[in-house]
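Novice: A single structure is presented below for examination.
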Amino acid sequence: MSFWPGVPSFVDGQIISAEGHLNRLARAERFLFGLAMGSQFPLASRRTVELYDTYRTVWEGAIRHRRDILILECRFYSPVSNQFQARVKYGDTVVMETAPVTVAGAETKTFTSDLTAYGLTDGQFYEVTVEVRTPAGHCLECYAIPLQISEMDAVTYPELASFAEGDTPTAADWNALSEYASALWEATRNPRPPFPGRWAKHTSVSTELLWAGMHHRAERLRYQVWRKKDETTYKIRIYARGVLIREITDATPPVYTPENSASPFPDSDLYYPYTEDLDISGLGIGVGDTYIVRIEGTEGENPLDQYAKGIVDYVYEVPGDPISAPGWYTLPDWSHGDVVHGNAGEPRVQWLRDNLIWLTSRLGMVNPACHVRYDDAAKRPFEFWSERRWRWLHYYSRSGDEPTLLYYFGGEWQEEPLSAEQDYSWHTLDLDSIDGLAVGRRYMIRGCKYAFEDTDT
Amino acid sequence: MAELRVTSSDAYTELESAGGQVNVTTVVAYIEIMEEAPPEKEARVTAADAYVELRSVGGQLDATAVGAYVELREEAALRVTTAAAYAELIAQPPALATVRRPTGIVEVKWDGVNWTDETDRLRAHSGEMGISAPGDQLVPPGSVGQATVELWNADGRYSWKRADSPLAPYIGGPAGLHGKEVRISMGLEGWPMTVIFTGVIFDWIEDPAGRTITLELRDMGYRYLQHKASTLVYQDLRADEWIAMLAGLAGIPAEQRSIDVSAFTIPFAWLDDEGILAEMWAVAQAEGGRCYFDQNGVLRFETATHWLQAPHTTVQYTLTEDDHQASVPDTGIDDLITGVVVELQRRVADQADELYRLDAVKECPPESQIEFEARLYRPALSISDLTPGTDYQVVSSGGMDMSGHVTLSITPRGQRALIKLTNYHASLSAYLVHLVLWGIPLAGGPQEEVIEEVASPAVPFERIRSVRGNQYIQTESQGRALARFLRDRHASLTPTWTLQGVPGIPELSLGDRIRFRDPYSTGDFREGFVIRYRWSADVAYVQDITVLDAEGLYPYSDYFVVGQTALGNGRAWY
């Protein structure tokens, strides 16, 4: 179900309607505002240490091709000045190969590539690999972490009139507001990959649970992690932009919710759950900036335990409550007889204009890739997590995966078996057909290699 | 050149004091000298019934007392000229003439293409045109206008069974005269005529004794009344865009449409073998507007704000009490309400579902094609591609799989789908034994209502107006706008006035704003919009005009017009 209310059209000489024109535009903007203030998932990644002069895969996933410009944002590290070179493949087609860039220490680099020359099919799913090399030779400590792999279009917005009091906007001026809102909607209605949950490998002493690139738009970071009960010295630490914002120890009281209390996971009684919304507004992260979310676990007591010591279900941004959105004008409902004001008196149509500009920098207008699900067997099945937004779920699986969609509704976890075929293939599910899985409800997908929500089939 | 004019009693009073008064007994009127001396003299005739009398003798009268002719002239005034002046004037070409007489023209498209003038046989005509006020129940299509035309038929020209009639090739068919287009024009002799009615012959009555035939006419809406169509499901069309599309489906030429731009959008619009005009009327009703065919046969879609804009903001005709015999008020008491209920017919794209299942085997002979219309369970936004073996199965009578020898195509049409099965096999019939269509259906229906109540009701008991069953009120915003508009519109009485016996004004149109003096109920001038007029034209051309009072009809007069009003200087409509 889409709530997009559409936009009005204006014609010179027409009497303006509160409901048909002004309120409709206001509803469209409020809808976009809701998207801007909705949950934002990061690009899950991992740190690949030790690079060579030949390309090494540092990230695998998939993307649904929608836009013409590919963006790769990558964090490189070298203890000494070194060159890095990256390339991106859609299937077997190299769609980006960067020039070598020199890095000393840790630096984030952003690259773009025009995809129009590669004969890609709009709406088609492509497997994506990101490869990195250090042309100068083997580097033991060098690493690369993709923080953003997404597509976008160069959106051109119409010029907006000022809508000052006393001005006489033409129909073209009014329609520019509608066109602007439509352009925002078109640019933001992108496939939405879920978050691939993580766990600490049970045979490893690795402390890393997650590296992720997050486009900052909201002021809270929501997470849910699990810590093994008998690992009393094991700690989970959450960093945002390099700042430790939560440490979870044996002394930290677990946070049970109806959802995680009724956990459908096998062996969930071996773990404590922790979940909360962390305030990150004080970290000085600019809206639209990409920052790194890192979650790590300490070594723990029993590195050879067959069970994972720490598990990350999800981490994503959510707005605070109440929402803080300085610069956004809360739009009124215009009524019959209201004077149509510009920038004096109330209600003002200039708010409609200014809100569009505000939204331009707040909406996520990229088409992101989905990180591949880890194939490693573990005691606990591995899941994608998402919050329902669009109608159609596209997933990639095969029959042996026994793909399942799970969500907590009506006081218990619901299971919806998903169809699969013998070979890996893409499937489409109408999420409207699943009772209780309303927009905004969190759900998980088990047994799929990739998944996306989208606005259409 | 001497000229005499007929004016009001006010003029007479004014002139009386100046002397120079002549009583024109023949027309029960006064003629007054306006200029100093003959022959360059001008006079005016004043009399309430002068016009009536003139009308009874065909519009011309010899005012013997002054040796002048008195004639009907434009805009219902009378003009009197001397005999010499009249003779001189009628000899002038029309552009120079100042003396004119009302006359009518009746034309018929016997061949469906060309207008044939039948005026020579015209005896009389009468008729009426009427529309609803904004927000009122609409006058149904085909009932907006009707007229009768009486023609001489002594030679049987219009008798549909007369083989010797020159019209026999056109009216001798099984439908006779039914459906032939007719238009009636009125005007002043020698001057451009104005069409006062365009329609089609609905029925006819021959009077052998009187050697006449009377044609019963309906407005052009009648012609399209039975047109039905099925369409795809269209999304997010403005109401006027949908009406234009429907008009195209009905075959109404673009130049025969006048469609206001709507502020509202219809989320989902489609036809399923439904009457096109009825759908247009429903669209209009959904936003408090109206649809009708005007006197020129033009389809008009007018939004509720139509009369707020030019030319309806200025008075087009002023009628003094001498210009009508009586002004009869009507209160329309049934329209007074305390609240409004508008039913919403929401439509949403539902989850994918089965839309159709074949219930009887279809045979397609060798090297041939069959087609049939599948009626879907629900209107479909889309129909999924068919997979052989799963969604359909085509076999021979012996069970051989024929899928490699056939093609199956689907053309969606809203709540129907046209299925075409082509069998390329040279000798075997193909049997469609299984067919299931899947897709995205539309869901929704009358599940919500918008209720608006009058804050301070004018009546002490409840009177609720309900708008239900209109499938074009799909959004809450439109329902709310309509409910509030109707609430305000009917919170108090809006009188209508019927002005009787008005000298015919051919140019008068429905919706014209007129100013008239009501000497009895208010004793004052009033303004309003013409919502109905009746006319008769035999020896004279007279109208009864019904006017919706403009006072309080619209709460404000300073609405914000896109591209014209400065921000801060205009108000929003509903």
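In the structure tokens, chains take letters A, B, ... by order of appearance, with residues numbered from 1 within each chain and ligands from 1 in the order shown.
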Report as CSV the residues of chain A within 9 Å of chain B, each with its shortest atom pair and distance in Å (one decimal), using only C-alpha atoms, ordered by chain and increasing residue number.

Specialist:
```
residue,atom,partner,partner_atom,distance
A:Met1,CA,B:Ala349,CA,7.3
A:Ser2,CA,B:Ala349,CA,9.0
A:Gly6,CA,B:Asp236,CA,7.8
A:Pro8,CA,B:Ala263,CA,7.2
A:Ser9,CA,B:Ala263,CA,7.3
A:Phe10,CA,B:Val562,CA,7.3
A:Val11,CA,B:Val562,CA,6.7
A:Asp12,CA,B:Val562,CA,5.0
A:Gly13,CA,B:Val562,CA,5.3
A:Gln14,CA,B:Val561,CA,5.5
A:Ile15,CA,B:Val561,CA,4.4
A:Ile16,CA,B:Ala572,CA,5.5
A:Ser17,CA,B:Trp573,CA,4.5
A:Ala18,CA,B:Tyr574,CA,5.2
A:Glu19,CA,B:Ser477,CA,5.5
A:Gly20,CA,B:Ala263,CA,4.8
A:His21,CA,B:Ala263,CA,6.2
A:Leu22,CA,B:Ala572,CA,8.7
A:Asn23,CA,B:Ser477,CA,8.1
A:Arg24,CA,B:Ser477,CA,7.9
A:Phe163,CA,B:Leu567,CA,7.4
A:Ala164,CA,B:Leu567,CA,7.1
A:Glu165,CA,B:Leu567,CA,5.0
A:Gly166,CA,B:Leu567,CA,4.9
A:Asp167,CA,B:Ala566,CA,5.1
A:Thr168,CA,B:Ala566,CA,4.2
A:Pro169,CA,B:Gly563,CA,5.6
A:Thr170,CA,B:Gly563,CA,3.9
A:Ala171,CA,B:Gly563,CA,5.7
A:Ala172,CA,B:Gly563,CA,8.6
A:Asp173,CA,B:Gly563,CA,8.8
A:Trp174,CA,B:Val562,CA,8.2
A:Trp334,CA,B:Ala572,CA,7.7
A:Ser335,CA,B:Tyr574,CA,6.3
A:His336,CA,B:Tyr574,CA,4.3
A:Gly337,CA,B:Arg571,CA,5.1
A:Asp338,CA,B:Arg571,CA,5.2
A:Val339,CA,B:Arg571,CA,4.2
A:Val340,CA,B:Gly568,CA,5.5
A:His341,CA,B:Gly568,CA,4.3
A:Gly342,CA,B:Leu567,CA,5.2
A:Asn343,CA,B:Leu567,CA,8.6
A:Ala344,CA,B:Gly568,CA,7.8
A:Gly345,CA,B:Gly568,CA,8.0
A:Val349,CA,B:Leu567,CA,8.7
A:Asp430,CA,B:Gln351,CA,6.4
A:Leu431,CA,B:Gln351,CA,8.1
A:Asp432,CA,B:Gln351,CA,5.7
A:Ser433,CA,B:Gln351,CA,5.4
```

Novice: As JSON, numbers by chain, please: every residue in stretch 57-283 of chain A that DSSP puts in strand (DSSP E or B).

Specialist: {"A": [57, 58, 59, 60, 61, 62, 63, 64, 69, 70, 71, 72, 73, 74, 75, 76, 77, 78, 79, 80, 81, 82, 83, 84, 85, 86, 87, 88, 89, 90, 93, 94, 95, 96, 97, 101, 102, 103, 104, 105, 106, 107, 108, 109, 110, 111, 112, 113, 114, 125, 126, 127, 128, 129, 130, 131, 132, 133, 139, 140, 141, 142, 143, 144, 145, 146, 147, 148, 149, 150, 151, 152, 192, 195, 196, 198, 199, 208, 209, 210, 211, 212, 213, 214, 215, 220, 221, 222, 223, 224, 225, 226, 227, 228, 236, 237, 238, 239, 240, 243, 244, 245, 246, 247, 248, 271, 272, 273, 274, 275, 276, 277, 278, 279]}

Novice: From a DSSP calculation on the backbone, collect every residue of stretch 78-270 of chain B in alpha helix (DSSP H) and output the set as a list in words.

Specialist: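 Of stretch 78-270 of chain B, the ones in alpha helix (DSSP H) are Ala83, Ala84, Ala85, Tyr86, Ala87, Glu88, Leu89, Ile90, Ala168, Pro169, Tyr170, Ile171, Gly221, Tyr222, Arg223, Tyr224, Ala239, Asp240, Glu241, Trp242, Ile243, Ala244, Met245, Leu246, Ala247, Gly248, Leu249 and Ala250 of chain B.
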
Novice: Output N, CA and C atoms for every residue in the selection just made, as a JSON list (two decimals), in the first residue's frame.

Specialist:
```
[["chain", "number", "residue", "atom", "x", "y", "z"],
["B", 83, "ALA", "N", -44.15, 56.48, -40.91],
["B", 83, "ALA", "CA", -44.34, 55.65, -42.11],
["B", 83, "ALA", "C", -43.24, 55.91, -43.12],
["B", 84, "ALA", "N", -42.89, 57.14, -43.24],
["B", 84, "ALA", "CA", -41.86, 57.48, -44.23],
["B", 84, "ALA", "C", -40.51, 56.93, -43.80],
["B", 85, "ALA", "N", -40.27, 57.08, -42.50],
["B", 85, "ALA", "CA", -38.98, 56.58, -42.00],
["B", 85, "ALA", "C", -38.91, 55.07, -42.14],
["B", 86, "TYR", "N", -40.04, 54.42, -41.83],
["B", 86, "TYR", "CA", -40.04, 52.97, -41.92],
["B", 86, "TYR", "C", -39.76, 52.50, -43.34],
["B", 87, "ALA", "N", -40.45, 53.14, -44.26],
["B", 87, "ALA", "CA", -40.24, 52.78, -45.67],
["B", 87, "ALA", "C", -38.79, 52.99, -46.07],
["B", 88, "GLU", "N", -38.25, 54.06, -45.54],
["B", 88, "GLU", "CA", -36.87, 54.37, -45.87],
["B", 88, "GLU", "C", -35.93, 53.34, -45.24],
["B", 89, "LEU", "N", -36.25, 52.97, -44.03],
["B", 89, "LEU", "CA", -35.36, 52.08, -43.30],
["B", 89, "LEU", "C", -35.36, 50.67, -43.85],
["B", 90, "ILE", "N", -36.53, 50.18, -44.19],
["B", 90, "ILE", "CA", -36.56, 48.80, -44.67],
["B", 90, "ILE", "C", -35.89, 48.68, -46.02],
["B", 168, "ALA", "N", -37.94, 11.68, -48.10],
["B", 168, "ALA", "CA", -38.09, 10.23, -47.93],
["B", 168, "ALA", "C", -36.77, 9.50, -47.80],
["B", 169, "PRO", "N", -35.73, 9.89, -48.57],
["B", 169, "PRO", "CA", -34.46, 9.17, -48.42],
["B", 169, "PRO", "C", -33.89, 9.28, -47.00],
["B", 170, "TYR", "N", -34.29, 10.34, -46.30],
["B", 170, "TYR", "CA", -33.69, 10.58, -44.98],
["B", 170, "TYR", "C", -34.58, 10.14, -43.83],
["B", 171, "ILE", "N", -35.90, 10.22, -44.04],
["B", 171, "ILE", "CA", -36.80, 9.92, -42.93],
["B", 171, "ILE", "C", -37.65, 8.69, -43.20],
["B", 221, "GLY", "N", -27.84, 15.96, -25.31],
["B", 221, "GLY", "CA", -27.50, 14.88, -24.39],
["B", 221, "GLY", "C", -28.26, 13.61, -24.71],
["B", 222, "TYR", "N", -29.45, 13.77, -25.24],
["B", 222, "TYR", "CA", -30.27, 12.59, -25.56],
["B", 222, "TYR", "C", -29.57, 11.71, -26.59],
["B", 223, "ARG", "N", -28.87, 12.37, -27.49],
["B", 223, "ARG", "CA", -28.19, 11.63, -28.56],
["B", 223, "ARG", "C", -27.15, 10.66, -27.99],
["B", 224, "TYR", "N", -26.51, 11.08, -26.89],
["B", 224, "TYR", "CA", -25.42, 10.27, -26.35],
["B", 224, "TYR", "C", -25.84, 9.44, -25.14],
["B", 239, "ALA", "N", -10.58, 15.49, -12.80],
["B", 239, "ALA", "CA", -11.98, 15.25, -13.19],
["B", 239, "ALA", "C", -12.24, 15.72, -14.61],
["B", 240, "ASP", "N", -11.68, 16.86, -14.98],
["B", 240, "ASP", "CA", -11.94, 17.37, -16.33],
["B", 240, "ASP", "C", -11.25, 16.51, -17.39],
["B", 241, "GLU", "N", -10.12, 15.94, -17.03],
["B", 241, "GLU", "CA", -9.42, 15.07, -17.98],
["B", 241, "GLU", "C", -10.24, 13.81, -18.24],
["B", 242, "TRP", "N", -10.84, 13.30, -17.18],
["B", 242, "TRP", "CA", -11.67, 12.10, -17.32],
["B", 242, "TRP", "C", -12.93, 12.42, -18.14],
["B", 243, "ILE", "N", -13.51, 13.59, -17.90],
["B", 243, "ILE", "CA", -14.70, 13.97, -18.66],
["B", 243, "ILE", "C", -14.35, 14.14, -20.14],
["B", 244, "ALA", "N", -13.20, 14.75, -20.40],
["B", 244, "ALA", "CA", -12.78, 14.90, -21.80],
["B", 244, "ALA", "C", -12.58, 13.54, -22.45],
["B", 245, "MET", "N", -12.02, 12.62, -21.68],
["B", 245, "MET", "CA", -11.81, 11.28, -22.21],
["B", 245, "MET", "C", -13.16, 10.60, -22.49],
["B", 246, "LEU", "N", -14.09, 10.77, -21.57],
["B", 246, "LEU", "CA", -15.42, 10.19, -21.76],
["B", 246, "LEU", "C", -16.11, 10.83, -22.96],
["B", 247, "ALA", "N", -15.94, 12.14, -23.09],
["B", 247, "ALA", "CA", -16.57, 12.82, -24.23],
["B", 247, "ALA", "C", -16.02, 12.27, -25.53],
["B", 248, "GLY", "N", -14.73, 12.00, -25.53],
["B", 248, "GLY", "CA", -14.12, 11.41, -26.72],
["B", 248, "GLY", "C", -14.71, 10.03, -27.01],
["B", 249, "LEU", "N", -14.91, 9.26, -25.96],
["B", 249, "LEU", "CA", -15.49, 7.93, -26.14],
["B", 249, "LEU", "C", -16.92, 8.01, -26.69],
["B", 250, "ALA", "N", -17.62, 9.06, -26.26],
["B", 250, "ALA", "CA", -19.01, 9.21, -26.71],
["B", 250, "ALA", "C", -19.08, 9.76, -28.13]]
```

Novice: With distances taken over only C-alpha atoms, which of B:Ala550, B:Leu344, B:Ala430, B:Leu435 is nearest to B:Ala360?

Specialist: B:Leu435

Novice: Which distance in Å separates atom CA of A:Cys370 and atom CA of A:Glu141, to one decimal?

Specialist: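 Distance between the two atoms: 26.9 Å.
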
Novice: So what do you get for atom CA of B:Trp204 versus atom CA of B:Tyr541, distance-wise?

Specialist: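 Distance reported for this atom pair: 22.6 Å.
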
Novice: As an exercise, work out the distance from atom CA of A:Val255 to atom CA of A:Tyr239 in Å and give it to one decimal place.

Specialist: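 Between atom CA of A:Val255 and atom CA of A:Tyr239 the gap works out to 19.4 Å.
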
Novice: Name the closest residue to B:Arg468 among the candidates B:Val340, B:Ala380, B:Leu386, B:Leu217; distances are taken between atoms, counting only C-alpha atoms.

Specialist: B:Val340

Novice: Identify which of the residues A:Tyr314, A:Trp358, A:Tyr307, A:Phe76 lies closest to A:Cys139, counting only C-alpha atoms when measuring atom-to-atom distances.

Specialist: A:Phe76

Novice: May I have the residues within 7 Å of B:Glu363 as a VMD selection string, using only C-alpha atoms and disregarding those fewer than 4 positions away in the same chain?

Specialist: chain B and resid 429 to 432

Novice: Next, write the just-selected residues to a file, as a tab-separated table (two decimals), in the first residue's frame, keeping C-alpha atoms as the atom set.

Specialist:
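Output file again.tsv follows:
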```tsv
chain	number	residue	atom	x	y	z
B	429	SER	CA	-8.93	-27.84	-33.14
B	430	ALA	CA	-7.42	-26.31	-30.04
B	431	TYR	CA	-9.46	-26.46	-26.84
B	432	LEU	CA	-8.84	-23.93	-24.13
```

Novice: Using only C-alpha atoms, which residues sit within 7 Å of A:Glu247 once same-chain residues fewer than 6 positions away are excluded, as a PDB file with N, CA, C and O atoms, in the first residue's frame?

Specialist:
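Output below, filename part-v1.pdb:
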```pdb
ATOM      1  N   LYS A 235      32.044  -8.247  26.312  1.00  0.00           N
ATOM      2  CA  LYS A 235      31.415  -6.925  26.196  1.00  0.00           C
ATOM      3  C   LYS A 235      31.130  -6.621  24.730  1.00  0.00           C
ATOM      4  O   LYS A 235      31.900  -7.021  23.854  1.00  0.00           O
ATOM      5  N   ILE A 236      30.043  -5.909  24.547  1.00  0.00           N
ATOM      6  CA  ILE A 236      29.731  -5.430  23.204  1.00  0.00           C
ATOM      7  C   ILE A 236      29.810  -3.910  23.236  1.00  0.00           C
ATOM      8  O   ILE A 236      29.220  -3.268  24.121  1.00  0.00           O
ATOM      9  N   ARG A 237      30.537  -3.364  22.294  1.00  0.00           N
ATOM     10  CA  ARG A 237      30.705  -1.902  22.257  1.00  0.00           C
ATOM     11  C   ARG A 237      30.159  -1.365  20.928  1.00  0.00           C
ATOM     12  O   ARG A 237      30.420  -1.939  19.867  1.00  0.00           O
ATOM     13  N   ILE A 238      29.437  -0.278  21.049  1.00  0.00           N
ATOM     14  CA  ILE A 238      28.849   0.338  19.849  1.00  0.00           C
ATOM     15  C   ILE A 238      29.475   1.722  19.661  1.00  0.00           C
ATOM     16  O   ILE A 238      29.463   2.547  20.592  1.00  0.00           O
TER      17      ILE A 238
END
```

Novice: Counting only C-alpha atoms, figure out which residue out of A:Ala451, A:Val287, A:Ile248, A:Val128 gets nearest to A:Val94.

Specialist: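 So, comparing all the options, the nearest one is A:Val128.
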
Novice: Using only C-alpha atoms, determine which residues lie at most 9 Å from stretch 266-283 of chain A, disregarding the query and same-chain residues fewer than 6 positions distant; provide the list as a PDB file with C-alpha atoms, in the first residue's frame.

Specialist:
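Okay, this is what ended up in out-v8.pdb:
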```pdb
ATOM      1  CA  ALA A 218      17.740  11.022  12.140  1.00  0.00           C
ATOM      2  CA  GLU A 219      18.894  11.591  15.664  1.00  0.00           C
ATOM      3  CA  ARG A 220      18.593   8.173  17.216  1.00  0.00           C
ATOM      4  CA  LEU A 221      20.376   4.926  16.545  1.00  0.00           C
ATOM      5  CA  ARG A 222      18.227   1.895  17.212  1.00  0.00           C
ATOM      6  CA  TYR A 223      19.910  -1.405  17.808  1.00  0.00           C
ATOM      7  CA  GLN A 224      19.222  -4.870  19.085  1.00  0.00           C
ATOM      8  CA  VAL A 225      22.096  -7.118  20.080  1.00  0.00           C
ATOM      9  CA  TRP A 226      22.368 -10.351  22.018  1.00  0.00           C
ATOM     10  CA  ARG A 227      25.144 -11.285  24.434  1.00  0.00           C
ATOM     11  CA  LYS A 228      25.791 -14.853  25.494  1.00  0.00           C
ATOM     12  CA  LYS A 229      24.770 -15.288  29.096  1.00  0.00           C
ATOM     13  CA  ASP A 230      27.657 -17.396  30.255  1.00  0.00           C
ATOM     14  CA  ALA A 240      29.239   5.944  15.981  1.00  0.00           C
ATOM     15  CA  ARG A 241      31.664   8.109  14.093  1.00  0.00           C
ATOM     16  CA  VAL A 243      32.712   7.623  19.515  1.00  0.00           C
ATOM     17  CA  ILE A 245      28.101   5.414  22.542  1.00  0.00           C
ATOM     18  CA  ARG A 246      27.222   2.204  24.379  1.00  0.00           C
ATOM     19  CA  ILE A 248      27.151  -3.620  27.117  1.00  0.00           C
ATOM     20  CA  THR A 252      24.075  -4.159  31.846  1.00  0.00           C
ATOM     21  CA  PRO A 253      20.452  -5.109  32.483  1.00  0.00           C
ATOM     22  CA  PRO A 254      19.024  -6.929  29.495  1.00  0.00           C
ATOM     23  CA  VAL A 255      16.084  -5.294  27.744  1.00  0.00           C
ATOM     24  CA  TYR A 256      13.249  -7.670  27.151  1.00  0.00           C
ATOM     25  CA  THR A 257      10.492  -6.627  24.810  1.00  0.00           C
ATOM     26  CA  ASN A 260      12.457 -10.426  21.688  1.00  0.00           C
ATOM     27  CA  LYS A 309      29.129 -14.768  21.775  1.00  0.00           C
ATOM     28  CA  GLY A 310      27.543 -11.683  20.344  1.00  0.00           C
ATOM     29  CA  GLU A 317      18.523   5.354  12.505  1.00  0.00           C
ATOM     30  CA  VAL A 318      15.151   6.483  13.733  1.00  0.00           C
ATOM     31  CA  GLY A 320      13.518  11.060  18.165  1.00  0.00           C
ATOM     32  CA  LYS A 379      23.880 -22.335  15.512  1.00  0.00           C
ATOM     33  CA  ARG A 380      21.515 -19.510  14.993  1.00  0.00           C
ATOM     34  CA  PRO A 381      19.990 -18.943  11.581  1.00  0.00           C
TER      35      PRO A 381
END
```

Novice: Extract, using only C-alpha atoms, all DNA, RNA and protein residues at most 8 Å from stretch 150-154 of chain A, discarding same-chain residues fewer than 2 positions from it, and format them as a PDB file with N, CA, C and O atoms, in the first residue's frame.

Specialist:
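Generated file (around34.pdb):
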```pdb
ATOM      1  N   ILE A  63      22.068  -5.316  -6.328  1.00  0.00           N
ATOM      2  CA  ILE A  63      21.401  -4.022  -6.479  1.00  0.00           C
ATOM      3  C   ILE A  63      20.304  -4.172  -7.530  1.00  0.00           C
ATOM      4  O   ILE A  63      20.409  -5.012  -8.425  1.00  0.00           O
ATOM      5  N   HIS A  65      18.888  -2.240 -10.441  1.00  0.00           N
ATOM      6  CA  HIS A  65      19.312  -1.080 -11.215  1.00  0.00           C
ATOM      7  C   HIS A  65      18.144  -0.144 -11.481  1.00  0.00           C
ATOM      8  O   HIS A  65      17.130  -0.538 -12.066  1.00  0.00           O
ATOM      9  N   ARG A  66      18.286   1.095 -11.044  1.00  0.00           N
ATOM     10  CA  ARG A  66      17.238   2.095 -11.227  1.00  0.00           C
ATOM     11  C   ARG A  66      17.773   3.442 -11.710  1.00  0.00           C
ATOM     12  O   ARG A  66      17.059   4.202 -12.334  1.00  0.00           O
ATOM     13  N   ARG A  67      18.991   3.745 -11.326  1.00  0.00           N
ATOM     14  CA  ARG A  67      19.519   5.101 -11.562  1.00  0.00           C
ATOM     15  C   ARG A  67      20.776   5.027 -12.413  1.00  0.00           C
ATOM     16  O   ARG A  67      21.342   3.955 -12.617  1.00  0.00           O
ATOM     17  N   ASP A  68      21.234   6.182 -12.829  1.00  0.00           N
ATOM     18  CA  ASP A  68      22.302   6.214 -13.828  1.00  0.00           C
ATOM     19  C   ASP A  68      23.698   6.450 -13.278  1.00  0.00           C
ATOM     20  O   ASP A  68      24.679   6.303 -13.997  1.00  0.00           O
ATOM     21  N   ILE A  69      23.784   6.872 -12.050  1.00  0.00           N
ATOM     22  CA  ILE A  69      25.109   7.182 -11.512  1.00  0.00           C
ATOM     23  C   ILE A  69      25.394   6.251 -10.337  1.00  0.00           C
ATOM     24  O   ILE A  69      24.605   6.171  -9.392  1.00  0.00           O
ATOM     25  N   LEU A  70      26.519   5.565 -10.414  1.00  0.00           N
ATOM     26  CA  LEU A  70      26.925   4.687  -9.315  1.00  0.00           C
ATOM     27  C   LEU A  70      27.848   5.462  -8.373  1.00  0.00           C
ATOM     28  O   LEU A  70      28.742   6.180  -8.830  1.00  0.00           O
ATOM     29  N   ILE A  71      27.577   5.300  -7.102  1.00  0.00           N
ATOM     30  CA  ILE A  71      28.409   5.958  -6.094  1.00  0.00           C
ATOM     31  C   ILE A  71      29.055   4.881  -5.235  1.00  0.00           C
ATOM     32  O   ILE A  71      28.373   3.985  -4.729  1.00  0.00           O
ATOM     33  N   LEU A  72      30.345   4.995  -5.100  1.00  0.00           N
ATOM     34  CA  LEU A  72      31.072   4.126  -4.164  1.00  0.00           C
ATOM     35  C   LEU A  72      31.785   5.025  -3.167  1.00  0.00           C
ATOM     36  O   LEU A  72      32.581   5.889  -3.556  1.00  0.00           O
ATOM     37  N   GLN A 148      29.259   3.080   1.237  1.00  0.00           N
ATOM     38  CA  GLN A 148      28.084   3.366   0.426  1.00  0.00           C
ATOM     39  C   GLN A 148      28.281   2.779  -0.966  1.00  0.00           C
ATOM     40  O   GLN A 148      29.291   3.041  -1.612  1.00  0.00           O
ATOM     41  N   THR A 156      17.102  17.216 -11.510  1.00  0.00           N
ATOM     42  CA  THR A 156      16.964  18.655 -11.751  1.00  0.00           C
ATOM     43  C   THR A 156      15.618  19.105 -11.193  1.00  0.00           C
ATOM     44  O   THR A 156      14.578  18.570 -11.578  1.00  0.00           O
ATOM     45  N   ALA A 187      12.622  10.551  -6.844  1.00  0.00           N
ATOM     46  CA  ALA A 187      14.032  10.323  -6.502  1.00  0.00           C
ATOM     47  C   ALA A 187      14.178   9.480  -5.240  1.00  0.00           C
ATOM     48  O   ALA A 187      15.205   8.832  -5.034  1.00  0.00           O
ATOM     49  N   MET A 365      17.936   9.926  -1.306  1.00  0.00           N
ATOM     50  CA  MET A 365      17.570   9.777  -2.715  1.00  0.00           C
ATOM     51  C   MET A 365      18.557   8.889  -3.443  1.00  0.00           C
ATOM     52  O   MET A 365      18.963   9.173  -4.560  1.00  0.00           O
ATOM     53  N   VAL A 366      18.969   7.841  -2.788  1.00  0.00           N
ATOM     54  CA  VAL A 366      19.880   6.904  -3.440  1.00  0.00           C
ATOM     55  C   VAL A 366      19.253   5.522  -3.437  1.00  0.00           C
ATOM     56  O   VAL A 366      18.414   5.190  -2.599  1.00  0.00           O
ATOM     57  N   ASN A 367      19.681   4.768  -4.391  1.00  0.00           N
ATOM     58  CA  ASN A 367      19.216   3.393  -4.550  1.00  0.00           C
ATOM     59  C   ASN A 367      20.334   2.486  -4.051  1.00  0.00           C
ATOM     60  O   ASN A 367      21.302   2.238  -4.770  1.00  0.00           O
ATOM     61  N   PRO A 368      20.219   1.996  -2.823  1.00  0.00           N
ATOM     62  CA  PRO A 368      21.369   1.293  -2.230  1.00  0.00           C
ATOM     63  C   PRO A 368      21.401  -0.188  -2.594  1.00  0.00           C
ATOM     64  O   PRO A 368      20.399  -0.787  -2.975  1.00  0.00           O
ATOM     65  N   ALA A 369      22.579  -0.737  -2.437  1.00  0.00           N
ATOM     66  CA  ALA A 369      22.766  -2.168  -2.669  1.00  0.00           C
ATOM     67  C   ALA A 369      22.482  -2.929  -1.380  1.00  0.00           C
ATOM     68  O   ALA A 369      22.469  -2.367  -0.279  1.00  0.00           O
TER      69      ALA A 369
END
```
